[in-house]
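The structure appears right after this line, and notes come after that.
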Amino acid sequence: MKKVLVLGAGPSGLIAALKISTKNYEVTLIDSNSYVGKKILVTGNGRCNYWNEVINIDYYNTDNKELLSNILNYKDDAFNYLIKLGIYPKIKNGLYYPNCNQASSIKNILENAILNSNVNLIADFKVDKILYKDNKYKCFSNNDVVEGDILVIASGGCAYPKTGSDGSIINILKSFNIKVNDLNPGLTPIYLNESYLSKWDGVRCDAKIKLFIDNKFIKEEAGELQLTKKGISGICTFNLSSIASKYIKSNKVSLSIDFLPNIIDIKNWLYERNNLLENKNVYELFISVLNNKLIDIILEESNINKTSYLNNLTNQEINKLCNNIKDFNVIASGVGDFNISQVSTGGVSLYEVNNNLEVKKMPNMYLVGEALDVDGICGGYNLSFAFISGYVVGDKL
Ligand SMILES: Cc1cc2nc3c(=O)[nH]c(=O)nc-3n(C[C@H](O)[C@H](O)[C@H](O)COP(=O)(O)OP(=O)(O)OC[C@H]3O[C@@H](n4cnc5c(N)ncnc54)[C@H](O)[C@@H]3O)c2cc1C
């Protein structure tokens, strides 16, 4: 019977190992942690948003959309597999969580499935070297070695390295001449270098943000924006950060924030509000419309005294005020590092694998999950890709 080594007991490796173990293979699952699925526990703020109602290529960054589309075609099969394992979903605005709201329940279901299967689990085994010789893969940890005929790499990226995914295997893969696209933090805050940051710290508001690279529009996101003492955060920021981080060191990365996205003609709205509220100064016009800290900053940045009246402002001042509400410009100075990012962008190029996720250059080597150059936006897309890709390899082998 052929021996399969699955390197990494995260969601992708767990599903791959379980699926393969039902076939005519001897499966060994290896992880550096003392238990499986460690990262699952921290997902979705401890609730694990593991799936989404709508899964397609539009929600992912990758270097090979065609191949990713082919893989995503297995989403229904993978989802049914999760249901059969016992994961009972609760769906909120299209996002899937376990009904109990406990990420640990998903980790426990997968862990129990592994313990009840014939998968041989080797924990506390940090692979530091991989050799391929005489048609066998050898994974080393110091002087210990595990051997197999087939190797499934499920070692993740390098986000949240304290959960075990530290990018160490991706570095080893480079020595096999496998192309790895640069790894950068994704789904992480964006940092700014502005004097008003300490003043807006703690504000949350609904906004629309546009991302520009070298002044060229790239993407926009709408949703809750969190203003922090280092810059901006929250889901819409996270989604843009995965693109921003790739360019931050070499290009100008800037953002335009629309603080009142529901008001289309802001100038008209301002005059109407001024007519409605008699004898209110410009600051008072924005009370209950914008967070008071934000009113202060927008007026300051527009060089308008808060006690001024709209009727006394010049046209130029009103235009500047309107621009700072609908098109507040900031330049990104950095992004949150791997220690706080939810994913790493980049990874093994999808051009290195075929539709079965088998590495073209290396016989009997497969790749799944975040180790590949696939990263999704917030909403369950990263765990779902981990599950789907693990399922595909398990199905094809
Ligand atoms: C804080 C946080 C919140 C998140 N929330 C969500 C969410 O709600 N929804 C969502 O879809 N995604 C979320 N993600 C992303 C998601 O968790 C990952 O994309 C997913 O876990 C990737 O799965 P994987 O199997 O590819 O790799 P991982 O889960 O990273 O697992 C890889 C495994 O390989 C092991 N390993 C690595 N190197 C070695 C080595 N050298 N030797 C032995 N073992 C090794 C690691 O110990 C680890 O167990 C979140 C991530 C973080 C950090």
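Convention: chains lettered A, B, ... in structure tokens order; per-chain residue numbering from 1; ligands numbered from 1 as shown.
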| So which residues are near ligand 1, meaning at most 7 Å away with only C-alpha atoms and all ligand atoms counted, given back as an MDAnalysis selection string? | chainID A and resid 7:13 30:33 36:40 42:45 48:51 125:128 154:157 159:160 163:169 341:343 368:371 378:384 386
Please produce an output containing C-alpha atoms for each residue in the selection, written as an mmCIF file, in the first residue's frame.
```cif
data_model
loop_
_atom_site.group_PDB
_atom_site.id
_atom_site.type_symbol
_atom_site.label_atom_id
_atom_site.label_comp_id
_atom_site.auth_asym_id
_atom_site.auth_seq_id
_atom_site.Cartn_x
_atom_site.Cartn_y
_atom_site.Cartn_z
ATOM 1 C CA LEU A 7 2.382 17.954 5.980
ATOM 2 C CA GLY A 8 0.219 20.326 8.031
ATOM 3 C CA ALA A 9 -2.898 19.644 10.094
ATOM 4 C CA GLY A 10 -4.799 22.845 9.344
ATOM 5 C CA PRO A 11 -8.196 22.778 7.601
ATOM 6 C CA SER A 12 -6.736 21.896 4.183
ATOM 7 C CA GLY A 13 -4.498 19.091 5.473
ATOM 8 C CA ILE A 30 2.320 15.618 10.469
ATOM 9 C CA ASP A 31 2.183 18.899 12.384
ATOM 10 C CA SER A 32 4.576 20.953 14.480
ATOM 11 C CA ASN A 33 1.805 21.660 17.002
ATOM 12 C CA VAL A 36 -4.532 19.678 15.019
ATOM 13 C CA GLY A 37 -6.368 22.739 13.670
ATOM 14 C CA LYS A 38 -4.765 25.308 15.966
ATOM 15 C CA LYS A 39 -5.433 28.256 13.657
ATOM 16 C CA ILE A 40 -9.126 27.356 13.324
ATOM 17 C CA VAL A 42 -8.708 31.999 16.327
ATOM 18 C CA THR A 43 -10.810 32.379 13.174
ATOM 19 C CA GLY A 44 -13.848 34.634 12.962
ATOM 20 C CA ASN A 45 -13.111 36.097 16.404
ATOM 21 C CA CYS A 48 -15.073 30.561 12.672
ATOM 22 C CA ASN A 49 -16.647 31.987 9.552
ATOM 23 C CA TYR A 50 -15.872 28.876 7.514
ATOM 24 C CA TRP A 51 -17.923 29.304 4.342
ATOM 25 C CA PHE A 125 7.042 17.232 14.525
ATOM 26 C CA LYS A 126 8.443 20.412 12.990
ATOM 27 C CA VAL A 127 9.678 19.578 9.521
ATOM 28 C CA ASP A 128 12.990 21.323 8.809
ATOM 29 C CA ALA A 154 -0.708 21.707 3.596
ATOM 30 C CA SER A 155 1.574 23.922 5.653
ATOM 31 C CA GLY A 156 -0.337 27.203 5.211
ATOM 32 C CA GLY A 157 1.248 30.603 4.655
ATOM 33 C CA ALA A 159 0.237 34.705 8.901
ATOM 34 C CA TYR A 160 -0.134 34.328 12.682
ATOM 35 C CA THR A 163 -0.315 29.023 15.293
ATOM 36 C CA GLY A 164 2.443 27.052 13.545
ATOM 37 C CA SER A 165 2.190 28.440 10.006
ATOM 38 C CA ASP A 166 5.506 30.257 9.745
ATOM 39 C CA GLY A 167 6.318 29.878 6.050
ATOM 40 C CA SER A 168 9.180 27.457 6.799
ATOM 41 C CA ILE A 169 7.969 24.859 4.288
ATOM 42 C CA SER A 341 -2.513 39.586 9.541
ATOM 43 C CA GLN A 342 -5.203 36.964 8.937
ATOM 44 C CA VAL A 343 -3.603 35.593 5.792
ATOM 45 C CA VAL A 368 -3.338 22.666 -0.845
ATOM 46 C CA GLY A 369 -4.588 25.658 1.160
ATOM 47 C CA GLU A 370 -2.838 28.915 1.914
ATOM 48 C CA ALA A 371 0.578 27.598 0.835
ATOM 49 C CA CYS A 378 -13.118 38.451 4.552
ATOM 50 C CA GLY A 379 -16.286 36.354 4.630
ATOM 51 C CA GLY A 380 -15.187 32.729 4.938
ATOM 52 C CA TYR A 381 -13.275 32.619 1.660
ATOM 53 C CA ASN A 382 -9.930 31.499 3.065
ATOM 54 C CA LEU A 383 -11.208 28.591 5.109
ATOM 55 C CA SER A 384 -13.482 27.566 2.249
ATOM 56 C CA ALA A 386 -8.548 25.458 2.376
#
```
| task | Quick one: everything within 9 Å of Glu194 of chain A, counting only C-alpha atoms, minus sequence neighbours fewer than 4 positions away in the same chain. Send it as a list in words. | result | Lys230, Gly231, Val330 and Ile331 of chain A
| message | Env of Ser117 of chain A: 12 Å cut, atoms = only C-alpha atoms, seq-sep filter 6 positions within chain, self excluded. Answer as a list in words. | response | Leu14, Ile15, Ala17, Leu18, Lys19, Ile20, Ser21, Thr22, Lys23, Glu26, Val27, Thr28, Leu29, Leu110 and Glu111 of chain A
| Where in segment 60-202 of chain A does DSSP assign alpha helix (DSSP H), given as a PyMOL selection string? | chain A and resi 65-72+75-85+103-115+168-174+197-200
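Using only C-alpha atoms, the smallest distance between any of A:Ile298, A:Ile388, A:Asn305, A:Lys3 and Asn120 of chain A comes from A:Lys3.
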| message | If we count only C-alpha atoms and set the cut-off at 9 Å, which residues sit around segment 172-182 of chain A, ignoring sequence neighbours fewer than 6 positions away in its own chain? Please answer as a PyMOL selection string. | response | chain A and resi 63+128-130+246+345-349+351-352+359+361-362+372-373
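Of the listed residues (A:Asp296, A:Asp337, A:Asp206, A:Asp77), A:Asp206 comes nearest to Leu260 of chain A; the distances count only C-alpha atoms.
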| query | Restricting the calculation to only C-alpha atoms, which member of A:Ala103, A:Cys158, A:Leu187, A:Ala332 is positioned closest to Asp214 of chain A? | reply | A:Ala332
